[in-house]
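Before any comments, here is the structure.
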Amino acid sequence: METLAKGLRVLELFSVQESELSLTQVAQRLGMTKSTAQRFLYTLRDLGYLVQHTQTKRYRLGNRYRNLVLGPTGGAVMTSRTDRAFTRRGVMTSLVSASIASAGMAACVAGVGNRQQAEPLADGSRASATIIWGTAGRPDLAEQFQMAVDRYHAKQSSVRVTLEVHPEQFNAKLDAQIAAGTPPTVIRAGDTTIMARAAGGAIAALDELAKRHRVDLKQFYPSTVESYRWRGKVYGLPWLALTGMIWTNVNFFQTNSVPLPRDPWAWEDLLNTARRLTTGQAGEAGRIFGIGLVDRWEWHLLPLVHSWGGKLFDNDLDPTKMVIDAPAAEALQWYSDLYNAHHVAPKAPDRDGLSAVRFFQSGRAATFMSAVQVQDMRIQAKFSFDLVKLPRGKKGFAAGSTTAGFAVLQQAEHVPQGFDFISFLAGEEGQRILVGDQIPAHRAVAESDAWLKDVPPQNRKAALETLSVATPAPRGPQWEDVQGALAKTFASVWDGKKTALQGLQEAKPVVDSILGKGP
């Protein structure tokens with residue numbers, strides 16, 4: 001018990017204010033030698049209670065802390081460091097359970113496998129089945145996924161789930177399985193992956209299953225459901241959302257005595273702010289840029305066009321052709337000028353081999369137009385950061401979003417049981433286990449203190465306000481190819497070699513050809 005108590009003391013060091021600690025800090029604060037502290041850190045890391053950054057070597061709480069509230073009573077799942085209740089009894093029980101689990105007795109301690117309390121499926125059936133859950137994901141996420149599977153097993157006795165995690169080339173492996181007639185039962189994937197395969201019949205429509213299982217789609221943010229709707233049918237249940245916003249390097253604003261941007265603000269306000277915060281001469285090593293860009297159509301460029309009063313397609317959600325629209329050309333030219341006329345945004349050669357997000361995280365850009373991906377920013381950025389909504393254009397505010405979620409494969413055996421499982425994953429309990437720092441698609445989870453008050457960033461409420469009015473990208477199976485065509489054509493626009501109007505004129509026949517092919 002003394003060893004467990006010391007392990008508890010290590011975990012208690014981590015807080016909202018100090019979410020990452022080094023070996024030296026842990027040793028000093030607990031009065032341990034470095035070698036002793038290292039043994040505890042390594043053990044907790046190997047058990048999944050801590051994770052270690054590959055470059056800084058600092059430690060932060062890992063996904064397995066969620067197990068602290070997953071017991072036989074089915075208590076609430078914690079997703080936030082601000083919501084943690086690290087009681088000695090709870091942590092010691094969890095650590096003891098983990099130790100016993102390594103000896104093959106986890107089910108006895110955690111309640112997983114206890115069938116006395118098990119319930120039938122949501123539709124009332126008790127049809128037994130074994131299903132396969134195929135998912136992309138980093139190897140370190142496998143335990144988090146398995147945690148969701150174990151919780152589902154504890155809730156019902158009919159369906160057994162086998163987890164298959166593919167860290168690389170998930171789409172290629174999925175297509176090979178579909179072609180061979182041996183797909184997984186359900187998948188976790190981005191909306192473009194799911195919708196690109198819906199038209200050919202590989203993905204099951206979920207509308208009737210949702211009615212049978214009494215799944216209310218209104219529990220999710222509208223744009224996340226609409227991302228999976230095509231020709232009147234829904235092909236996926238949402239899990240998390242990505243929506244475009246502006247990240248700010250708070251320290252850089254304060255150092256330069258520039259007020260932080262606040263909503264409502266206009267695109268010209270963004271330009272003026274970027275001008276004030278751009279330092280150094282063009283081409284000069286170490287130049288600080290006012291804004292970093294990633295040129296994503298769904299999160300930034302389409303909302304920019306819409307806020308300008310422009311259109312890119314005849315139908316924003318189910319396009320059949322591209323349009324040449326004067327306000328759209330004006331908006332896209334304004335964006336190109338950030339690179340080429342005002343020189344407030346870095347091009348690839350300016351970033352010294354860094355990606356756009358790593359360039360911002362290195363402190364070389366004062367603001368960054370990107371999606372809300374909190375976890376990566378927390379790990380990589382070594383400065384205070386926050387969020388603000390996209391600026392407003394001549395016709396008001398516009399926002400875009402993409403989503404990732406779950407789908408059932410049409411060819412797979414046990415489609416109803418597969419839907420029962422993904423309705424758990426997408427539901428409130430499943431999302432509390434899985435979402436972490438990303439924006440939950442489930443309203444109750446996203447609007448809870450567990451997510452809203454898990455800072456930084458402080459201004460998480462703005463992300464939910466943005467998502468509430470966001471419009472999804474075009475949803476048809478050709479959207480992935482359309483994005484590729486637009487990116488290829490507009491690369492020369494962002495490089496200043498063509499005007500935005502010329503880019504639209506050049507892209508139109510290519511895009512129209514893609515859209516005209518049909519599913």
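Residue numbering restarts at 1 for every chain of the structure tokens, chains are lettered A, B, ... in their displayed order, and ligands are numbered from 1 as they appear.
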field: Filtered DSSP result for segment 402-453 of chain A, state alpha helix (DSSP H), as a list in words
entry: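 For segment 402-453 of chain A, the alpha helix (DSSP H) set is Val415, Pro416, Gln417, Gly418, Phe419, Asp420, Phe421, Ile422, Ser423, Phe424, Leu425, Ala426, Glu428, Glu429, Gly430, Gln431, Arg432, Ile433, Leu434, Arg443, Ala444, Val445, Ala446, Asp449, Ala450, Trp451 and Leu452 of chain A.
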Picked from segment 151-373 of chain A by DSSP as strand (DSSP E or B), as a PyMOL selection string: chain A and resi 156+159-166+186-190+203+220+229-230+233-234+237-249+266+279+288-289+292+313+322+365+367-371
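Restricting the calculation to only C-alpha atoms, the smallest distance between Val294 of chain A and any of A:Lys155, A:Lys498, A:Arg262, A:Lys347 is found for A:Lys347.
Distances here use only C-alpha atoms; by that measure, the residue among A:Ala446, A:Val161, A:Gly436, A:Leu237 closest to Ile131 of chain A is A:Val161.
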message: From the options A:Val344, A:Thr255, A:Asp337, A:Ala210, which residue's atoms come nearest to Arg275 of chain A, counting only C-alpha atoms?
response: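 Checking each of A:Val344, A:Thr255, A:Asp337, A:Ala210 against Arg275 of chain A, counting only C-alpha atoms, the winner is A:Val344.
The residue that comes closest to Lys233 of chain A, out of A:Ile194, A:Ile246, A:Leu206, A:Ala491 and on the basis of only C-alpha atoms, is A:Leu206.
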Residues within 10 Å of Ala282 of chain A, only C-alpha atoms, excluding chain neighbours under 6 positions, as a PyMOL selection string: chain A and resi 288-289+343-344+346+350
Mind checking which residues fall within 9 Å of Leu301 of chain A, counting only C-alpha atoms, ignoring those fewer than 3 positions away in the same chain, and posting them as a short mmCIF file (atom, residue, chain, number, x, y, z; two decimals) with N, CA and C atoms, in the first residue's frame?
data_model
loop_
_atom_site.label_atom_id
_atom_site.label_comp_id
_atom_site.auth_asym_id
_atom_site.auth_seq_id
_atom_site.Cartn_x
_atom_site.Cartn_y
_atom_site.Cartn_z
N ASP A 295 -5.17 27.20 -45.71
CA ASP A 295 -5.84 27.09 -47.01
C ASP A 295 -6.87 25.95 -47.08
N ARG A 296 -7.63 25.76 -46.01
CA ARG A 296 -8.65 24.71 -46.01
C ARG A 296 -10.00 25.28 -46.43
N TRP A 297 -10.61 24.65 -47.41
CA TRP A 297 -11.88 25.15 -47.94
C TRP A 297 -13.01 25.02 -46.93
N GLU A 298 -13.10 23.88 -46.23
CA GLU A 298 -14.26 23.66 -45.36
C GLU A 298 -14.28 24.61 -44.17
N LEU A 304 -15.35 32.23 -45.63
CA LEU A 304 -14.94 33.56 -46.11
C LEU A 304 -15.79 33.99 -47.29
N VAL A 305 -15.95 33.10 -48.27
CA VAL A 305 -16.77 33.40 -49.45
C VAL A 305 -18.21 33.71 -49.05
N HIS A 306 -18.77 32.87 -48.17
CA HIS A 306 -20.17 33.07 -47.76
C HIS A 306 -20.34 34.37 -46.99
N ALA A 331 -13.52 37.84 -52.45
CA ALA A 331 -13.13 37.30 -51.14
C ALA A 331 -11.85 36.48 -51.24
N LEU A 332 -11.76 35.63 -52.25
CA LEU A 332 -10.57 34.79 -52.40
C LEU A 332 -9.35 35.61 -52.79
N TYR A 335 -7.99 37.06 -49.64
CA TYR A 335 -7.22 36.04 -48.92
C TYR A 335 -5.83 35.87 -49.54
N GLY A 400 -17.82 27.10 -41.06
CA GLY A 400 -17.88 25.77 -41.66
C GLY A 400 -17.37 24.73 -40.69
#
query: Looking at only C-alpha atoms, which of A:Ser22, A:Gln333, A:Ser355, A:Asn315 is the one that sits closest to His53 of chain A?
result: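 The closest residue to His53 of chain A is A:Ser22.
Residue neighbourhood of segment 145-149 of chain A, excluding near-sequence residues (fewer than 5 positions): Asn67, Val161, Leu163, Leu425, Gly430, Ile433 and Leu434 of chain A, at 8 Å, using only C-alpha atoms.
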Next, dump the selected residues to file, keeping only N, CA and C atoms, as a PDB file, in the first residue's frame.
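Heads up, here's the output in out_34.pdb:
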ATOM      1  N   ASN A  67     -10.461   5.744 -16.249  1.00  0.00           N
ATOM      2  CA  ASN A  67     -10.886   4.538 -15.555  1.00  0.00           C
ATOM      3  C   ASN A  67     -11.218   4.796 -14.096  1.00  0.00           C
ATOM      4  N   VAL A 161     -17.604  -7.119 -29.062  1.00  0.00           N
ATOM      5  CA  VAL A 161     -16.921  -6.261 -30.022  1.00  0.00           C
ATOM      6  C   VAL A 161     -15.433  -6.588 -30.030  1.00  0.00           C
ATOM      7  N   LEU A 163     -11.903  -5.140 -31.370  1.00  0.00           N
ATOM      8  CA  LEU A 163     -11.320  -3.882 -31.822  1.00  0.00           C
ATOM      9  C   LEU A 163     -10.131  -4.132 -32.733  1.00  0.00           C
ATOM     10  N   LEU A 425     -21.361   4.573 -28.827  1.00  0.00           N
ATOM     11  CA  LEU A 425     -20.151   5.372 -28.996  1.00  0.00           C
ATOM     12  C   LEU A 425     -20.478   6.838 -29.231  1.00  0.00           C
ATOM     13  N   GLY A 430     -20.588   7.322 -24.401  1.00  0.00           N
ATOM     14  CA  GLY A 430     -19.468   6.980 -25.269  1.00  0.00           C
ATOM     15  C   GLY A 430     -18.606   8.181 -25.605  1.00  0.00           C
ATOM     16  N   ILE A 433     -16.128   9.196 -22.986  1.00  0.00           N
ATOM     17  CA  ILE A 433     -14.943   8.350 -22.946  1.00  0.00           C
ATOM     18  C   ILE A 433     -13.974   8.711 -24.052  1.00  0.00           C
ATOM     19  N   LEU A 434     -14.499   8.997 -25.245  1.00  0.00           N
ATOM     20  CA  LEU A 434     -13.661   9.053 -26.445  1.00  0.00           C
ATOM     21  C   LEU A 434     -13.178  10.427 -26.861  1.00  0.00           C
TER      22      LEU A 434
END
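If only C-alpha atoms are the atoms counted, then among A:Ala441, A:Val415, A:Ala399, A:Ala341 the closest residue to His300 of chain A is A:Ala399.
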task: Provide the atom CA of Lys218 of chain A to atom CA of Trp299 of chain A distance in Å, to one decimal place.
output: 22.6 Å
For segment 239-245 of chain A, find every residue with an atom within 8 Å (counting only C-alpha atoms), except residues of its own chain fewer than 2 positions away, and show them as a compact mmCIF listing (two decimals) with all heavy atoms, in the first residue's frame.
# COMPACT_ATOMS: atom_id res chain seq x y z
N THR A 224 -22.98 18.56 -37.78
CA THR A 224 -22.31 17.26 -37.69
C THR A 224 -23.18 16.13 -38.22
O THR A 224 -22.67 15.15 -38.76
CB THR A 224 -21.89 16.96 -36.23
OG1 THR A 224 -23.04 16.82 -35.41
CG2 THR A 224 -21.00 18.06 -35.68
N LEU A 237 -23.11 8.49 -37.67
CA LEU A 237 -23.40 9.20 -36.43
C LEU A 237 -22.14 9.97 -36.02
O LEU A 237 -21.05 9.41 -36.00
CB LEU A 237 -23.78 8.22 -35.31
CG LEU A 237 -25.09 7.45 -35.50
CD1 LEU A 237 -25.34 6.55 -34.29
CD2 LEU A 237 -26.27 8.38 -35.73
N TRP A 247 -6.70 31.12 -33.80
CA TRP A 247 -5.90 30.95 -32.60
C TRP A 247 -5.06 32.22 -32.39
O TRP A 247 -4.60 32.83 -33.36
CB TRP A 247 -4.94 29.77 -32.74
CG TRP A 247 -5.61 28.43 -32.77
CD1 TRP A 247 -6.02 27.74 -33.89
CD2 TRP A 247 -5.93 27.60 -31.66
NE1 TRP A 247 -6.57 26.55 -33.53
CE2 TRP A 247 -6.54 26.43 -32.17
CE3 TRP A 247 -5.76 27.74 -30.29
CZ2 TRP A 247 -6.97 25.40 -31.34
CZ3 TRP A 247 -6.20 26.71 -29.46
CH2 TRP A 247 -6.80 25.56 -29.99
N TRP A 299 -13.12 24.86 -43.56
CA TRP A 299 -13.06 25.62 -42.32
C TRP A 299 -12.91 27.11 -42.53
O TRP A 299 -13.31 27.90 -41.68
CB TRP A 299 -11.89 25.14 -41.46
CG TRP A 299 -11.89 23.69 -41.17
CD1 TRP A 299 -12.97 22.87 -41.07
CD2 TRP A 299 -10.74 22.88 -40.94
NE1 TRP A 299 -12.57 21.59 -40.79
CE2 TRP A 299 -11.20 21.55 -40.70
CE3 TRP A 299 -9.38 23.11 -40.89
CZ2 TRP A 299 -10.34 20.50 -40.43
CZ3 TRP A 299 -8.52 22.06 -40.62
CH2 TRP A 299 -9.00 20.77 -40.39
N HIS A 300 -12.30 27.53 -43.66
CA HIS A 300 -11.94 28.93 -43.81
C HIS A 300 -12.41 29.55 -45.11
O HIS A 300 -13.06 30.60 -45.12
CB HIS A 300 -10.41 29.11 -43.71
CG HIS A 300 -9.82 28.42 -42.54
ND1 HIS A 300 -8.78 27.52 -42.64
CD2 HIS A 300 -10.14 28.49 -41.23
CE1 HIS A 300 -8.49 27.08 -41.43
NE2 HIS A 300 -9.29 27.64 -40.56
N MET A 369 -5.11 30.80 -38.44
CA MET A 369 -6.45 30.43 -38.88
C MET A 369 -6.47 28.93 -39.11
O MET A 369 -5.89 28.43 -40.07
CB MET A 369 -6.84 31.17 -40.16
CG MET A 369 -8.33 31.06 -40.49
SD MET A 369 -8.78 31.78 -42.10
CE MET A 369 -8.19 33.46 -41.89
N SER A 370 -7.13 28.20 -38.21
CA SER A 370 -7.13 26.75 -38.31
C SER A 370 -8.34 26.20 -37.59
O SER A 370 -9.14 26.95 -37.01
CB SER A 370 -5.84 26.18 -37.71
OG SER A 370 -5.79 24.77 -37.84
N ALA A 371 -8.48 24.89 -37.59
CA ALA A 371 -9.57 24.25 -36.86
C ALA A 371 -9.22 24.15 -35.38
O ALA A 371 -8.07 24.29 -34.98
CB ALA A 371 -9.85 22.86 -37.44
N VAL A 372 -10.24 23.88 -34.57
CA VAL A 372 -10.04 23.74 -33.14
C VAL A 372 -9.56 22.32 -32.85
O VAL A 372 -10.34 21.37 -32.81
CB VAL A 372 -11.34 24.04 -32.37
CG1 VAL A 372 -11.11 23.90 -30.87
CG2 VAL A 372 -11.82 25.44 -32.71
N GLN A 373 -8.27 22.16 -32.67
CA GLN A 373 -7.67 20.88 -32.30
C GLN A 373 -6.82 21.14 -31.04
O GLN A 373 -5.63 21.41 -31.12
CB GLN A 373 -6.82 20.33 -33.44
CG GLN A 373 -7.64 20.11 -34.71
CD GLN A 373 -6.86 19.45 -35.81
OE1 GLN A 373 -6.51 18.28 -35.73
NE2 GLN A 373 -6.57 20.20 -36.86
N LEU A 387 -8.71 31.40 -28.33
CA LEU A 387 -9.48 31.32 -29.56
C LEU A 387 -10.36 32.55 -29.72
O LEU A 387 -10.80 33.14 -28.74
CB LEU A 387 -10.39 30.08 -29.55
CG LEU A 387 -9.75 28.72 -29.64
CD1 LEU A 387 -10.76 27.65 -29.24
CD2 LEU A 387 -9.23 28.46 -31.05
N VAL A 388 -10.64 32.91 -30.96
CA VAL A 388 -11.64 33.92 -31.27
C VAL A 388 -12.35 33.47 -32.55
O VAL A 388 -11.77 32.77 -33.38
CB VAL A 388 -11.00 35.32 -31.44
CG1 VAL A 388 -10.09 35.38 -32.65
CG2 VAL A 388 -12.08 36.41 -31.52
N LYS A 389 -13.60 33.85 -32.68
CA LYS A 389 -14.36 33.48 -33.87
C LYS A 389 -13.74 34.08 -35.13
O LYS A 389 -13.02 35.08 -35.08
CB LYS A 389 -15.80 33.98 -33.76
CG LYS A 389 -16.65 33.28 -32.73
CD LYS A 389 -18.06 33.86 -32.78
CE LYS A 389 -18.96 33.27 -31.74
NZ LYS A 389 -20.31 33.86 -31.80
N LEU A 390 -14.06 33.48 -36.28
CA LEU A 390 -13.68 34.08 -37.55
C LEU A 390 -14.31 35.46 -37.67
O LEU A 390 -15.39 35.73 -37.12
CB LEU A 390 -14.17 33.21 -38.72
CG LEU A 390 -13.52 31.84 -38.90
CD1 LEU A 390 -14.16 31.12 -40.08
CD2 LEU A 390 -12.02 31.94 -39.11
N ALA A 399 -19.58 30.21 -40.90
CA ALA A 399 -18.65 29.24 -40.35
C ALA A 399 -18.85 27.90 -41.05
O ALA A 399 -19.93 27.61 -41.57
CB ALA A 399 -18.87 29.07 -38.85
N GLY A 400 -17.82 27.10 -41.06
CA GLY A 400 -17.88 25.77 -41.66
C GLY A 400 -17.37 24.73 -40.69
O GLY A 400 -16.70 25.04 -39.71
N SER A 401 -17.71 23.48 -40.96
CA SER A 401 -17.26 22.42 -40.07
C SER A 401 -17.11 21.11 -40.84
O SER A 401 -17.72 20.91 -41.90
CB SER A 401 -18.25 22.21 -38.92
OG SER A 401 -19.45 21.63 -39.37
N THR A 402 -16.28 20.26 -40.30
CA THR A 402 -16.20 18.86 -40.72
C THR A 402 -16.38 18.02 -39.47
O THR A 402 -16.37 18.53 -38.35
CB THR A 402 -14.85 18.54 -41.38
OG1 THR A 402 -13.79 18.79 -40.42
CG2 THR A 402 -14.63 19.38 -42.61
N THR A 403 -16.56 16.74 -39.64
CA THR A 403 -16.77 15.88 -38.49
C THR A 403 -16.13 14.53 -38.71
O THR A 403 -15.82 14.14 -39.83
CB THR A 403 -18.28 15.71 -38.20
OG1 THR A 403 -18.46 15.00 -36.98
CG2 THR A 403 -18.97 14.95 -39.32
N ALA A 404 -15.92 13.83 -37.62
CA ALA A 404 -15.55 12.42 -37.66
C ALA A 404 -16.60 11.66 -36.87
O ALA A 404 -17.22 12.22 -35.95
CB ALA A 404 -14.16 12.19 -37.06
N GLY A 405 -16.83 10.42 -37.24
CA GLY A 405 -17.89 9.68 -36.57
C GLY A 405 -17.84 8.21 -36.87
O GLY A 405 -16.79 7.64 -37.17
N PHE A 406 -19.02 7.60 -36.83
CA PHE A 406 -19.12 6.14 -36.91
C PHE A 406 -20.13 5.75 -37.98
O PHE A 406 -21.14 6.42 -38.18
CB PHE A 406 -19.56 5.58 -35.57
CG PHE A 406 -18.73 6.07 -34.41
CD1 PHE A 406 -19.19 7.11 -33.61
CD2 PHE A 406 -17.48 5.53 -34.15
CE1 PHE A 406 -18.44 7.58 -32.55
CE2 PHE A 406 -16.71 6.00 -33.10
CZ PHE A 406 -17.18 7.02 -32.30
N LEU A 425 -21.36 4.57 -28.83
CA LEU A 425 -20.15 5.37 -29.00
C LEU A 425 -20.48 6.84 -29.23
O LEU A 425 -19.80 7.73 -28.72
CB LEU A 425 -19.32 4.84 -30.17
CG LEU A 425 -18.72 3.45 -30.04
CD1 LEU A 425 -17.99 3.08 -31.32
CD2 LEU A 425 -17.79 3.33 -28.83
N ALA A 426 -21.51 7.10 -30.04
CA ALA A 426 -21.87 8.48 -30.36
C ALA A 426 -22.72 9.13 -29.29
O ALA A 426 -22.86 10.35 -29.28
CB ALA A 426 -22.61 8.52 -31.70
N GLN A 431 -19.24 9.33 -25.86
CA GLN A 431 -18.46 10.52 -26.21
C GLN A 431 -17.65 11.02 -25.03
O GLN A 431 -16.55 11.56 -25.20
CB GLN A 431 -19.37 11.62 -26.76
CG GLN A 431 -19.94 11.27 -28.12
CD GLN A 431 -20.18 12.48 -29.00
OE1 GLN A 431 -19.75 13.58 -28.69
NE2 GLN A 431 -20.83 12.27 -30.12
N VAL A 435 -13.94 11.47 -26.62
CA VAL A 435 -13.66 12.74 -27.30
C VAL A 435 -12.40 13.41 -26.79
O VAL A 435 -11.57 13.89 -27.55
CB VAL A 435 -14.87 13.69 -27.19
CG1 VAL A 435 -14.48 15.10 -27.62
CG2 VAL A 435 -15.99 13.19 -28.07
N GLN A 438 -11.03 17.39 -28.15
CA GLN A 438 -11.68 17.89 -29.35
C GLN A 438 -13.11 18.31 -29.03
O GLN A 438 -13.65 18.00 -27.97
CB GLN A 438 -11.68 16.82 -30.44
CG GLN A 438 -10.31 16.21 -30.71
CD GLN A 438 -9.28 17.22 -31.21
OE1 GLN A 438 -9.44 18.42 -31.04
NE2 GLN A 438 -8.21 16.74 -31.80
N ILE A 439 -13.76 19.03 -29.97
CA ILE A 439 -15.13 19.47 -29.73
C ILE A 439 -16.08 18.29 -29.86
O ILE A 439 -16.17 17.69 -30.93
CB ILE A 439 -15.56 20.56 -30.73
CG1 ILE A 439 -14.58 21.73 -30.72
CG2 ILE A 439 -16.96 21.06 -30.38
CD1 ILE A 439 -14.92 22.79 -31.74
N PRO A 440 -16.79 17.93 -28.81
CA PRO A 440 -17.75 16.82 -28.93
C PRO A 440 -18.91 17.21 -29.83
O PRO A 440 -19.41 18.34 -29.77
CB PRO A 440 -18.22 16.59 -27.49
CG PRO A 440 -17.22 17.31 -26.62
CD PRO A 440 -16.73 18.46 -27.44
N ALA A 441 -19.36 16.28 -30.66
CA ALA A 441 -20.53 16.54 -31.50
C ALA A 441 -21.81 16.46 -30.68
O ALA A 441 -22.84 17.01 -31.09
CB ALA A 441 -20.59 15.54 -32.65
N HIS A 442 -21.77 15.81 -29.54
CA HIS A 442 -22.92 15.65 -28.67
C HIS A 442 -23.08 16.91 -27.83
O HIS A 442 -22.19 17.30 -27.09
CB HIS A 442 -22.74 14.42 -27.78
CG HIS A 442 -23.99 13.95 -27.12
ND1 HIS A 442 -24.59 14.64 -26.08
CD2 HIS A 442 -24.76 12.86 -27.35
CE1 HIS A 442 -25.67 13.99 -25.70
NE2 HIS A 442 -25.80 12.91 -26.44
N ALA A 463 -16.15 28.46 -29.56
CA ALA A 463 -16.11 27.32 -30.48
C ALA A 463 -17.48 26.68 -30.61
O ALA A 463 -17.90 26.31 -31.72
CB ALA A 463 -15.09 26.30 -29.99
N THR A 466 -19.74 28.95 -32.62
CA THR A 466 -19.40 28.80 -34.04
C THR A 466 -20.01 27.53 -34.61
O THR A 466 -20.64 27.53 -35.68
CB THR A 466 -17.88 28.79 -34.23
OG1 THR A 466 -17.34 30.04 -33.80
CG2 THR A 466 -17.50 28.55 -35.69
N LEU A 467 -19.85 26.43 -33.89
CA LEU A 467 -20.35 25.14 -34.37
C LEU A 467 -21.87 25.14 -34.48
O LEU A 467 -22.44 24.50 -35.36
CB LEU A 467 -19.88 24.02 -33.43
CG LEU A 467 -20.21 22.59 -33.86
CD1 LEU A 467 -19.59 22.27 -35.20
CD2 LEU A 467 -19.73 21.61 -32.80
N ALA A 470 -22.60 26.60 -37.85
CA ALA A 470 -21.72 26.19 -38.95
C ALA A 470 -22.49 25.43 -40.03
O ALA A 470 -23.52 24.80 -39.76
CB ALA A 470 -20.59 25.33 -38.42
field: Contacts of Thr162 of chain A at 12 Å (only C-alpha atoms; same-chain gap of 2+ positions) as a PyMOL selection string
entry: chain A and resi 129-135+142+145-146+148-150+152-153+159-160+164-165+184-187+418+421
